[in-house]
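> Quick one, data.txt (compact mmCIF, N, CA and C atoms and all ligand atoms):
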# COMPACT_ATOMS: atom_id res chain seq x y z
N MET A 232 166.15 221.49 181.44
CA MET A 232 165.64 222.79 181.90
C MET A 232 165.26 223.65 180.68
N THR A 233 164.10 224.26 180.75
CA THR A 233 163.67 225.13 179.64
C THR A 233 164.64 226.29 179.47
N SER A 234 164.99 226.54 178.22
CA SER A 234 165.99 227.58 177.92
C SER A 234 165.41 228.58 176.92
N ILE A 235 165.45 229.85 177.29
CA ILE A 235 164.90 230.91 176.43
C ILE A 235 166.01 231.90 176.07
N LEU A 236 166.08 232.21 174.77
CA LEU A 236 167.02 233.24 174.30
C LEU A 236 166.27 234.58 174.21
N VAL A 237 166.80 235.59 174.89
CA VAL A 237 166.26 236.95 174.78
C VAL A 237 167.24 237.75 173.93
N LEU A 238 166.77 238.12 172.76
CA LEU A 238 167.65 238.73 171.77
C LEU A 238 167.22 240.18 171.52
N ASN A 239 168.17 241.09 171.63
CA ASN A 239 167.89 242.52 171.46
C ASN A 239 168.70 243.08 170.30
N GLY A 240 168.04 243.89 169.49
CA GLY A 240 168.67 244.44 168.30
C GLY A 240 169.25 245.83 168.49
N PRO A 241 169.36 246.56 167.39
CA PRO A 241 170.12 247.80 167.36
C PRO A 241 169.57 248.89 168.29
N ASN A 242 170.52 249.58 168.89
CA ASN A 242 170.28 250.75 169.75
C ASN A 242 169.71 250.40 171.13
N LEU A 243 169.39 249.12 171.35
CA LEU A 243 168.84 248.76 172.65
C LEU A 243 169.92 248.75 173.73
N ASN A 244 171.19 248.72 173.31
CA ASN A 244 172.28 248.88 174.27
C ASN A 244 172.25 250.27 174.92
N LEU A 245 171.53 251.21 174.31
CA LEU A 245 171.47 252.58 174.84
C LEU A 245 170.27 252.81 175.76
N LEU A 246 169.53 251.74 176.03
CA LEU A 246 168.35 251.87 176.90
C LEU A 246 168.73 252.57 178.21
N GLY A 247 167.84 253.42 178.68
CA GLY A 247 168.11 254.15 179.92
C GLY A 247 168.49 255.58 179.63
N THR A 248 169.26 255.77 178.55
CA THR A 248 169.63 257.14 178.16
C THR A 248 169.01 257.53 176.82
N ARG A 249 168.58 256.53 176.04
CA ARG A 249 168.00 256.77 174.72
C ARG A 249 166.52 257.15 174.85
N GLN A 250 166.17 258.36 174.42
CA GLN A 250 164.77 258.80 174.43
C GLN A 250 164.00 258.23 175.63
N PRO A 251 164.39 258.59 176.86
CA PRO A 251 163.73 257.99 178.03
C PRO A 251 162.23 258.25 178.08
N GLU A 252 161.78 259.34 177.41
CA GLU A 252 160.33 259.62 177.39
C GLU A 252 159.58 258.54 176.58
N VAL A 253 160.30 257.84 175.71
CA VAL A 253 159.68 256.76 174.92
C VAL A 253 159.99 255.40 175.54
N TYR A 254 161.28 255.20 175.92
CA TYR A 254 161.73 253.85 176.30
C TYR A 254 161.96 253.67 177.81
N GLY A 255 161.83 254.76 178.58
CA GLY A 255 162.00 254.66 180.02
C GLY A 255 163.45 254.81 180.46
N HIS A 256 163.65 254.69 181.77
CA HIS A 256 164.98 254.93 182.35
C HIS A 256 165.72 253.63 182.68
N THR A 257 165.06 252.51 182.51
CA THR A 257 165.69 251.22 182.81
C THR A 257 166.75 250.91 181.76
N THR A 258 167.93 250.51 182.21
CA THR A 258 169.00 250.16 181.26
C THR A 258 168.86 248.71 180.81
N LEU A 259 169.58 248.37 179.74
CA LEU A 259 169.53 246.98 179.27
C LEU A 259 170.15 246.04 180.31
N ALA A 260 171.17 246.54 181.01
CA ALA A 260 171.78 245.73 182.10
C ALA A 260 170.74 245.46 183.19
N ASP A 261 169.89 246.46 183.49
CA ASP A 261 168.81 246.26 184.48
C ASP A 261 167.84 245.19 183.98
N VAL A 262 167.49 245.28 182.69
CA VAL A 262 166.54 244.31 182.11
C VAL A 262 167.14 242.91 182.18
N GLU A 263 168.42 242.82 181.83
CA GLU A 263 169.09 241.51 181.85
C GLU A 263 169.09 240.93 183.27
N ALA A 264 169.42 241.78 184.26
CA ALA A 264 169.45 241.31 185.66
C ALA A 264 168.06 240.87 186.10
N ASP A 265 167.03 241.62 185.67
CA ASP A 265 165.66 241.27 186.06
C ASP A 265 165.23 239.95 185.42
N CYS A 266 165.61 239.76 184.15
CA CYS A 266 165.28 238.49 183.48
C CYS A 266 165.99 237.33 184.18
N ALA A 267 167.25 237.56 184.57
CA ALA A 267 168.02 236.50 185.24
C ALA A 267 167.37 236.13 186.57
N SER A 268 166.95 237.14 187.35
CA SER A 268 166.36 236.80 188.66
C SER A 268 164.98 236.18 188.47
N TYR A 269 164.24 236.64 187.45
CA TYR A 269 162.92 236.03 187.18
C TYR A 269 163.10 234.57 186.75
N ALA A 270 164.11 234.34 185.89
CA ALA A 270 164.39 232.97 185.42
C ALA A 270 164.69 232.05 186.61
N LYS A 271 165.43 232.58 187.57
CA LYS A 271 165.80 231.78 188.75
C LYS A 271 164.55 231.35 189.52
N THR A 272 163.62 232.31 189.71
CA THR A 272 162.39 231.96 190.46
C THR A 272 161.55 230.94 189.69
N LEU A 273 161.66 230.97 188.36
CA LEU A 273 160.85 230.06 187.54
C LEU A 273 161.55 228.71 187.29
N GLY A 274 162.84 228.65 187.62
CA GLY A 274 163.60 227.42 187.38
C GLY A 274 163.87 227.18 185.90
N ILE A 275 164.08 228.27 185.17
CA ILE A 275 164.42 228.14 183.75
C ILE A 275 165.74 228.87 183.49
N LYS A 276 166.28 228.67 182.26
CA LYS A 276 167.50 229.35 181.87
C LYS A 276 167.17 230.44 180.86
N VAL A 277 167.68 231.65 181.08
CA VAL A 277 167.50 232.73 180.11
C VAL A 277 168.88 233.21 179.67
N THR A 278 169.10 233.21 178.37
CA THR A 278 170.34 233.74 177.79
C THR A 278 170.01 235.07 177.15
N PHE A 279 170.80 236.08 177.46
CA PHE A 279 170.50 237.46 177.05
C PHE A 279 171.59 237.93 176.09
N LEU A 280 171.19 238.41 174.91
CA LEU A 280 172.16 238.89 173.92
C LEU A 280 171.68 240.19 173.31
N GLN A 281 172.64 241.04 172.91
CA GLN A 281 172.29 242.26 172.16
C GLN A 281 173.32 242.46 171.06
N SER A 282 172.83 242.86 169.88
CA SER A 282 173.76 243.25 168.82
C SER A 282 173.15 244.36 167.98
N ASN A 283 174.02 245.23 167.50
CA ASN A 283 173.58 246.29 166.58
C ASN A 283 173.64 245.83 165.13
N HIS A 284 174.05 244.57 164.92
CA HIS A 284 174.33 244.11 163.56
C HIS A 284 173.33 243.03 163.13
N GLU A 285 172.72 243.26 162.00
CA GLU A 285 171.67 242.35 161.51
C GLU A 285 172.20 240.92 161.35
N GLY A 286 173.38 240.77 160.75
CA GLY A 286 173.94 239.44 160.52
C GLY A 286 174.22 238.70 161.81
N ALA A 287 174.67 239.44 162.83
CA ALA A 287 174.94 238.81 164.13
C ALA A 287 173.63 238.32 164.75
N LEU A 288 172.55 239.06 164.52
CA LEU A 288 171.23 238.62 165.04
C LEU A 288 170.77 237.37 164.29
N VAL A 289 170.99 237.35 162.97
CA VAL A 289 170.66 236.16 162.18
C VAL A 289 171.46 234.96 162.71
N ASP A 290 172.75 235.16 162.94
CA ASP A 290 173.59 234.07 163.47
C ASP A 290 173.07 233.57 164.82
N ALA A 291 172.68 234.50 165.68
CA ALA A 291 172.18 234.11 167.01
C ALA A 291 170.89 233.30 166.89
N ILE A 292 170.04 233.69 165.94
CA ILE A 292 168.78 232.93 165.72
C ILE A 292 169.11 231.53 165.21
N HIS A 293 170.04 231.42 164.27
CA HIS A 293 170.44 230.10 163.76
C HIS A 293 170.97 229.23 164.91
N ALA A 294 171.79 229.84 165.76
CA ALA A 294 172.42 229.08 166.85
C ALA A 294 171.40 228.64 167.90
N ALA A 295 170.22 229.27 167.88
CA ALA A 295 169.18 228.91 168.87
C ALA A 295 168.58 227.54 168.57
N LYS A 296 168.67 227.11 167.32
CA LYS A 296 168.09 225.80 166.96
C LYS A 296 168.82 224.69 167.70
N GLY A 297 168.07 223.94 168.48
CA GLY A 297 168.66 222.84 169.24
C GLY A 297 169.29 223.25 170.55
N THR A 298 169.40 224.55 170.80
CA THR A 298 170.00 225.00 172.07
C THR A 298 169.02 225.75 172.97
N HIS A 299 167.99 226.36 172.34
CA HIS A 299 166.98 227.07 173.13
C HIS A 299 165.58 226.59 172.73
N ASP A 300 164.66 226.66 173.70
CA ASP A 300 163.28 226.22 173.43
C ASP A 300 162.43 227.33 172.85
N GLY A 301 162.85 228.58 173.06
CA GLY A 301 162.08 229.71 172.55
C GLY A 301 162.96 230.94 172.42
N ILE A 302 162.52 231.87 171.57
CA ILE A 302 163.26 233.12 171.36
C ILE A 302 162.32 234.29 171.64
N ILE A 303 162.78 235.24 172.44
CA ILE A 303 162.07 236.51 172.62
C ILE A 303 162.92 237.55 171.89
N LEU A 304 162.33 238.18 170.90
CA LEU A 304 163.11 239.06 170.01
C LEU A 304 162.59 240.49 170.02
N ASN A 305 163.42 241.40 170.53
CA ASN A 305 163.17 242.82 170.30
C ASN A 305 164.18 243.22 169.22
N ALA A 306 163.71 243.23 167.99
CA ALA A 306 164.61 243.47 166.85
C ALA A 306 164.82 244.96 166.60
N GLY A 307 164.27 245.83 167.47
CA GLY A 307 164.44 247.26 167.26
C GLY A 307 163.95 247.65 165.88
N ALA A 308 164.67 248.56 165.23
CA ALA A 308 164.25 249.06 163.92
C ALA A 308 164.28 247.98 162.84
N TYR A 309 165.06 246.91 163.05
CA TYR A 309 165.08 245.83 162.06
C TYR A 309 163.71 245.14 161.94
N THR A 310 162.91 245.27 162.99
CA THR A 310 161.53 244.75 162.94
C THR A 310 160.82 245.20 161.66
N HIS A 311 161.06 246.47 161.33
CA HIS A 311 160.29 247.12 160.27
C HIS A 311 160.93 246.98 158.89
N THR A 312 162.13 246.38 158.84
CA THR A 312 162.87 246.35 157.57
C THR A 312 163.43 244.98 157.19
N SER A 313 163.57 244.07 158.16
CA SER A 313 164.47 242.93 157.91
C SER A 313 163.77 241.65 157.47
N ILE A 314 163.84 241.40 156.18
CA ILE A 314 163.37 240.11 155.64
C ILE A 314 164.33 239.02 156.12
N ALA A 315 165.61 239.36 156.29
CA ALA A 315 166.60 238.37 156.74
C ALA A 315 166.26 237.82 158.13
N LEU A 316 165.84 238.69 159.03
CA LEU A 316 165.48 238.22 160.37
C LEU A 316 164.19 237.40 160.32
N MET A 317 163.25 237.84 159.50
CA MET A 317 161.99 237.08 159.33
C MET A 317 162.32 235.67 158.81
N ASP A 318 163.16 235.60 157.78
CA ASP A 318 163.52 234.29 157.21
C ASP A 318 164.26 233.42 158.24
N ALA A 319 165.12 234.04 159.04
CA ALA A 319 165.88 233.29 160.05
C ALA A 319 164.92 232.65 161.05
N ILE A 320 163.97 233.43 161.55
CA ILE A 320 162.98 232.89 162.51
C ILE A 320 162.18 231.76 161.86
N ALA A 321 161.77 231.99 160.61
CA ALA A 321 160.97 230.98 159.92
C ALA A 321 161.76 229.70 159.66
N SER A 322 163.07 229.82 159.61
CA SER A 322 163.91 228.68 159.22
C SER A 322 164.30 227.76 160.37
N VAL A 323 164.29 228.25 161.60
CA VAL A 323 164.89 227.46 162.68
C VAL A 323 163.90 226.60 163.47
N GLU A 324 162.62 226.82 163.24
CA GLU A 324 161.59 226.03 163.95
C GLU A 324 161.73 226.14 165.47
N VAL A 325 162.11 227.32 165.95
CA VAL A 325 162.10 227.61 167.39
C VAL A 325 161.02 228.69 167.58
N PRO A 326 160.03 228.45 168.44
CA PRO A 326 158.98 229.45 168.59
C PRO A 326 159.53 230.79 169.06
N ALA A 327 159.01 231.88 168.50
CA ALA A 327 159.52 233.21 168.84
C ALA A 327 158.37 234.15 169.20
N ILE A 328 158.68 235.10 170.05
CA ILE A 328 157.75 236.18 170.42
C ILE A 328 158.41 237.50 170.05
N GLU A 329 157.66 238.37 169.40
CA GLU A 329 158.15 239.73 169.09
C GLU A 329 157.84 240.64 170.27
N LEU A 330 158.82 241.42 170.64
CA LEU A 330 158.68 242.29 171.81
C LEU A 330 159.11 243.71 171.49
N HIS A 331 158.38 244.68 172.00
CA HIS A 331 158.79 246.08 171.93
C HIS A 331 158.47 246.75 173.26
N LEU A 332 159.36 247.62 173.69
CA LEU A 332 159.09 248.39 174.91
C LEU A 332 157.94 249.36 174.68
N SER A 333 157.98 250.04 173.54
CA SER A 333 156.97 251.05 173.22
C SER A 333 155.80 250.41 172.48
N ASN A 334 154.67 251.13 172.47
CA ASN A 334 153.53 250.69 171.67
C ASN A 334 153.75 251.19 170.24
N VAL A 335 154.36 250.34 169.43
CA VAL A 335 154.75 250.75 168.08
C VAL A 335 153.53 251.18 167.24
N HIS A 336 152.35 250.67 167.58
CA HIS A 336 151.15 251.00 166.80
C HIS A 336 150.61 252.39 167.12
N ALA A 337 151.08 252.97 168.21
CA ALA A 337 150.66 254.33 168.56
C ALA A 337 151.71 255.34 168.10
N ARG A 338 152.70 254.87 167.35
CA ARG A 338 153.79 255.74 166.93
C ARG A 338 153.76 255.96 165.41
N GLU A 339 154.88 256.34 164.83
CA GLU A 339 154.91 256.66 163.40
C GLU A 339 154.42 255.48 162.55
N GLU A 340 153.87 255.84 161.42
CA GLU A 340 153.32 254.84 160.49
C GLU A 340 154.34 253.72 160.14
N PHE A 341 155.61 254.12 159.93
CA PHE A 341 156.59 253.11 159.51
C PHE A 341 156.84 252.05 160.57
N ARG A 342 156.47 252.34 161.83
CA ARG A 342 156.65 251.34 162.89
C ARG A 342 155.47 250.36 162.95
N HIS A 343 154.42 250.61 162.16
CA HIS A 343 153.26 249.71 162.18
C HIS A 343 153.53 248.44 161.38
N GLN A 344 154.50 248.54 160.46
CA GLN A 344 154.86 247.39 159.63
C GLN A 344 155.88 246.52 160.38
N SER A 345 155.62 245.21 160.46
CA SER A 345 156.59 244.30 161.07
C SER A 345 156.75 243.05 160.22
N TYR A 346 157.98 242.81 159.76
CA TYR A 346 158.25 241.54 159.07
C TYR A 346 158.26 240.39 160.07
N ILE A 347 158.73 240.70 161.29
CA ILE A 347 158.86 239.67 162.33
C ILE A 347 157.49 239.10 162.70
N ALA A 348 156.48 239.98 162.69
CA ALA A 348 155.14 239.57 163.12
C ALA A 348 154.60 238.39 162.32
N LYS A 349 155.06 238.27 161.09
CA LYS A 349 154.54 237.22 160.19
C LYS A 349 154.99 235.81 160.61
N VAL A 350 156.02 235.73 161.45
CA VAL A 350 156.59 234.40 161.75
C VAL A 350 156.67 234.10 163.25
N VAL A 351 156.01 234.92 164.07
CA VAL A 351 156.09 234.70 165.52
C VAL A 351 154.77 234.17 166.06
N VAL A 352 154.85 233.64 167.28
CA VAL A 352 153.66 233.14 167.97
C VAL A 352 152.76 234.32 168.35
N GLY A 353 153.35 235.42 168.82
CA GLY A 353 152.59 236.58 169.24
C GLY A 353 153.49 237.76 169.51
N ILE A 354 152.85 238.87 169.87
CA ILE A 354 153.58 240.14 170.03
C ILE A 354 153.21 240.78 171.36
N ILE A 355 154.23 241.32 172.04
CA ILE A 355 153.99 242.10 173.25
C ILE A 355 154.61 243.46 173.03
N CYS A 356 153.84 244.52 173.18
CA CYS A 356 154.41 245.86 173.02
C CYS A 356 153.68 246.86 173.90
N GLY A 357 154.43 247.89 174.33
CA GLY A 357 153.82 249.00 175.04
C GLY A 357 153.93 248.93 176.55
N PHE A 358 154.55 247.90 177.10
CA PHE A 358 154.62 247.75 178.55
C PHE A 358 156.00 248.06 179.12
N GLY A 359 156.84 248.69 178.32
CA GLY A 359 158.17 249.05 178.79
C GLY A 359 158.99 247.83 179.14
N ALA A 360 159.88 248.00 180.11
CA ALA A 360 160.78 246.90 180.50
C ALA A 360 160.02 245.71 181.08
N ALA A 361 158.83 245.96 181.62
CA ALA A 361 158.02 244.87 182.18
C ALA A 361 157.63 243.86 181.09
N GLY A 362 157.68 244.29 179.83
CA GLY A 362 157.33 243.41 178.72
C GLY A 362 158.21 242.17 178.64
N TYR A 363 159.44 242.27 179.13
CA TYR A 363 160.34 241.11 179.07
C TYR A 363 159.82 239.98 179.95
N ARG A 364 159.37 240.32 181.17
CA ARG A 364 158.78 239.29 182.04
C ARG A 364 157.49 238.74 181.42
N LEU A 365 156.69 239.66 180.86
CA LEU A 365 155.44 239.21 180.22
C LEU A 365 155.75 238.23 179.09
N ALA A 366 156.81 238.54 178.34
CA ALA A 366 157.18 237.67 177.21
C ALA A 366 157.68 236.31 177.70
N ILE A 367 158.42 236.30 178.80
CA ILE A 367 158.87 235.01 179.37
C ILE A 367 157.65 234.19 179.79
N ASP A 368 156.69 234.83 180.48
CA ASP A 368 155.46 234.12 180.88
C ASP A 368 154.73 233.59 179.65
N ALA A 369 154.62 234.44 178.63
CA ALA A 369 153.90 234.04 177.41
C ALA A 369 154.60 232.87 176.72
N MET A 370 155.92 232.90 176.70
CA MET A 370 156.66 231.81 176.05
C MET A 370 156.48 230.50 176.83
N LEU A 371 156.53 230.58 178.17
CA LEU A 371 156.35 229.36 178.97
C LEU A 371 154.95 228.80 178.75
N GLY A 372 153.96 229.67 178.69
CA GLY A 372 152.58 229.22 178.42
C GLY A 372 152.49 228.56 177.06
N HIS A 373 153.13 229.16 176.09
CA HIS A 373 153.11 228.59 174.73
C HIS A 373 153.78 227.22 174.70
N LEU A 374 154.94 227.12 175.37
CA LEU A 374 155.69 225.85 175.33
C LEU A 374 154.91 224.75 176.04
N LYS A 375 154.17 225.13 177.10
CA LYS A 375 153.38 224.15 177.84
C LYS A 375 152.24 223.60 176.97
N ASP A 376 151.66 224.50 176.18
CA ASP A 376 150.50 224.11 175.36
C ASP A 376 150.92 223.48 174.03
N ALA A 377 152.19 223.67 173.65
CA ALA A 377 152.63 223.18 172.34
C ALA A 377 152.54 221.65 172.31
N PRO A 378 152.11 221.09 171.15
CA PRO A 378 151.97 219.63 171.08
C PRO A 378 153.33 218.93 171.18
C1 LIG B 401 161.46 249.20 169.67
C2 LIG B 401 160.52 249.90 168.67
C3 LIG B 401 161.19 250.09 167.33
O1 LIG B 401 160.32 250.76 166.43
C4 LIG B 401 162.45 250.94 167.50
O2 LIG B 401 163.12 251.07 166.26
C5 LIG B 401 163.35 250.42 168.55
C6 LIG B 401 162.78 249.93 169.80
C7 LIG B 401 160.84 249.11 171.07
O3 LIG B 401 161.32 248.32 171.87
O4 LIG B 401 159.88 249.83 171.38
O5 LIG B 401 164.57 250.44 168.42
O6 LIG B 401 161.69 247.88 169.21
As structure tokens - that is how I would like this structure written.

Amino acid sequence: MTSILVLNGPNLNLLGTRQPEVYGHTTLADVEADCASYAKTLGIKVTFLQSNHEGALVDAIHAAKGTHDGIILNAGAYTHTSIALMDAIASVEVPAIELHLSNVHAREEFRHQSYIAKVVVGIICGFGAAGYRLAIDAMLGHLKDAP
């Protein structure tokens, strides 16, 4: 069965109450439940993780090698700063998609830079919580087309 890791970085545990005008009112628990029910309809497995700690995210990416077919990563602010996360993705040979709830390109200049973008298959941003389902669809499409 196809297995996808959905990995969320710092401050995403506060979804629903954190700047709702930017990130919406949906909580991370809501997103997780929606991914789980979507996975069920698709007949795939989705594992959902969140950490505020860069090293824990690196560890989760390492652990994905051989256990998951793809990674969907909302690295939060680490997107814009973390060479360690970029290197981790590049090292494990598991295809990854970068995800953001907000349209980072319509926001502050510092959010336009992404280290993660250099090592992923593609990027989904600006669609709020619906982006997680879009990313699952995109990952399945990628895995189907992959040689
Ligand atoms: C975010 C965008 C990042 O710039 C920000 O630091 C976040 C959330 C998003 O989902 O829109 O924490 O990744």
> Hey, what's within 7 Å of range 272-275 of chain A if we count only C-alpha atoms and toss same-chain stuff fewer than 5 positions away? As a ChimeraX atom specification, please?
/A:232-234
> Could those residues be written to a file, using N, CA and C atoms, as a PDB file, in the coordinates of the input?

ATOM      1  N   MET A 232     166.150 221.490 181.440  1.00  0.00           N
ATOM      2  CA  MET A 232     165.640 222.790 181.900  1.00  0.00           C
ATOM      3  C   MET A 232     165.260 223.650 180.680  1.00  0.00           C
ATOM      4  N   THR A 233     164.100 224.260 180.750  1.00  0.00           N
ATOM      5  CA  THR A 233     163.670 225.130 179.640  1.00  0.00           C
ATOM      6  C   THR A 233     164.640 226.290 179.470  1.00  0.00           C
ATOM      7  N   SER A 234     164.990 226.540 178.220  1.00  0.00           N
ATOM      8  CA  SER A 234     165.990 227.580 177.920  1.00  0.00           C
ATOM      9  C   SER A 234     165.410 228.580 176.920  1.00  0.00           C
TER      10      SER A 234
END
> I'd like to know which residues of range 243-359 of chain A are strand (DSSP E) (by DSSP, run on the backbone); could you write them as a VMD selection string?
chain A and resid 276 to 281 301 to 305 327 to 331 353 to 356
> Take the residues from that selection and put them in a file with N, CA and C atoms, as a compact mmCIF listing (two decimals), in the frame of the given file.

# COMPACT_ATOMS: atom_id res chain seq x y z
N LYS A 276 166.28 228.67 182.26
CA LYS A 276 167.50 229.35 181.87
C LYS A 276 167.17 230.44 180.86
N VAL A 277 167.68 231.65 181.08
CA VAL A 277 167.50 232.73 180.11
C VAL A 277 168.88 233.21 179.67
N THR A 278 169.10 233.21 178.37
CA THR A 278 170.34 233.74 177.79
C THR A 278 170.01 235.07 177.15
N PHE A 279 170.80 236.08 177.46
CA PHE A 279 170.50 237.46 177.05
C PHE A 279 171.59 237.93 176.09
N LEU A 280 171.19 238.41 174.91
CA LEU A 280 172.16 238.89 173.92
C LEU A 280 171.68 240.19 173.31
N GLN A 281 172.64 241.04 172.91
CA GLN A 281 172.29 242.26 172.16
C GLN A 281 173.32 242.46 171.06
N GLY A 301 162.85 228.58 173.06
CA GLY A 301 162.08 229.71 172.55
C GLY A 301 162.96 230.94 172.42
N ILE A 302 162.52 231.87 171.57
CA ILE A 302 163.26 233.12 171.36
C ILE A 302 162.32 234.29 171.64
N ILE A 303 162.78 235.24 172.44
CA ILE A 303 162.07 236.51 172.62
C ILE A 303 162.92 237.55 171.89
N LEU A 304 162.33 238.18 170.90
CA LEU A 304 163.11 239.06 170.01
C LEU A 304 162.59 240.49 170.02
N ASN A 305 163.42 241.40 170.53
CA ASN A 305 163.17 242.82 170.30
C ASN A 305 164.18 243.22 169.22
N ALA A 327 159.01 231.88 168.50
CA ALA A 327 159.52 233.21 168.84
C ALA A 327 158.37 234.15 169.20
N ILE A 328 158.68 235.10 170.05
CA ILE A 328 157.75 236.18 170.42
C ILE A 328 158.41 237.50 170.05
N GLU A 329 157.66 238.37 169.40
CA GLU A 329 158.15 239.73 169.09
C GLU A 329 157.84 240.64 170.27
N LEU A 330 158.82 241.42 170.64
CA LEU A 330 158.68 242.29 171.81
C LEU A 330 159.11 243.71 171.49
N HIS A 331 158.38 244.68 172.00
CA HIS A 331 158.79 246.08 171.93
C HIS A 331 158.47 246.75 173.26
N GLY A 353 153.35 235.42 168.82
CA GLY A 353 152.59 236.58 169.24
C GLY A 353 153.49 237.76 169.51
N ILE A 354 152.85 238.87 169.87
CA ILE A 354 153.58 240.14 170.03
C ILE A 354 153.21 240.78 171.36
N ILE A 355 154.23 241.32 172.04
CA ILE A 355 153.99 242.10 173.25
C ILE A 355 154.61 243.46 173.03
N CYS A 356 153.84 244.52 173.18
CA CYS A 356 154.41 245.86 173.02
C CYS A 356 153.68 246.86 173.90
> Restricting the calculation to all atoms listed in the file: of A:Ala260, A:Pro241, A:Val323, A:Ala267, which residue gets closest to His293 in chain A?
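Among the listed residues, the smallest separation from His293 in chain A belongs to A:Val323.
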> Rounded to one decimal in Å, what is the spacing between atom C of Thr258 in chain A and atom C of Ile320 in chain A?
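Here the two named atoms are 26.3 Å from each other.
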> Using only N, CA and C atoms, determine which residues lie at most 5 Å from range 356-371 of chain A, disregarding the query and same-chain residues fewer than 2 positions distant; provide the list as a VMD selection string.
chain A and resid 331 to 334 354 373 to 375
> Which one of A:Lys271, A:Ala308, A:Ala295, A:Cys266 sits closest to Asn242 in chain A if you count all atoms listed in the file?
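Of A:Lys271, A:Ala308, A:Ala295, A:Cys266, the one nearest Asn242 in chain A, counting all atoms listed in the file, is A:Ala308.
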> Residues within 12 Å of ligand LIG 401 (chain B) should be enumerated using only C-alpha atoms and all ligand atoms and returned as a PyMOL selection string.
chain A and resi 238-246+249-255+259+281-283+303-313+329-347+354-363
> Could you check the closest approach to Ala291 in chain A for each of A:Ala319, A:Gly247, A:Asp265, A:Glu324 and tell me which residue wins, using only C-alpha atoms?
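Checking each of A:Ala319, A:Gly247, A:Asp265, A:Glu324 against Ala291 in chain A, counting only C-alpha atoms, the winner is A:Ala319.
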> Write down as a PyMOL selection string the residues belonging to chain A that are assigned helix (DSSP H, G or I) by DSSP computed on the backbone.
chain A and resi 243-245+251-254+259-273+285-295+307-311+314-323+335-337+340-342+347-350+361-376
> What gap, in Å, lies between CA of Val237 in chain A and atom C of Phe279 in chain A?
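These two atoms are separated by 5.6 Å.
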> For atom N of Ala348 in chain A and atom C of Thr257 in chain A, quote the distance in Å rounded to one decimal.
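One can read the atom N of Ala348 in chain A to atom C of Thr257 in chain A distance as 24.3 Å.
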> Which one is closest to Asp300 in chain A: A:Ile314, A:His256, A:Glu285, A:Ile328? Count only C-alpha atoms.
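Comparing A:Ile314, A:His256, A:Glu285, A:Ile328 against Asp300 in chain A, the winner is A:Ile328.
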> Nearest to Lys296 in chain A: which of A:Val325, A:Leu316, A:Val277, A:Ala270 is it, counting all atoms listed in the file?
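Looking only at the distances to Lys296 in chain A, the closest residue turns out to be A:Val325.
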> Which of these, A:Gly353, A:Val262, A:Asp376, A:Pro326, has the shortest distance to Ile302 in chain A once you count all atoms listed in the file?
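Counting all atoms listed in the file, the residue closest to Ile302 in chain A is A:Pro326.
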> Edge lengths and centre in Å to one decimal, as JSON, of the axis-aligned box that encloses all listed atoms of range 270-286 of chain A with 4 Å added on every side?

{"center_x": 167.6, "center_y": 236.7, "center_z": 175.5, "size_x": 21.5, "size_y": 27.1, "size_z": 37.9}
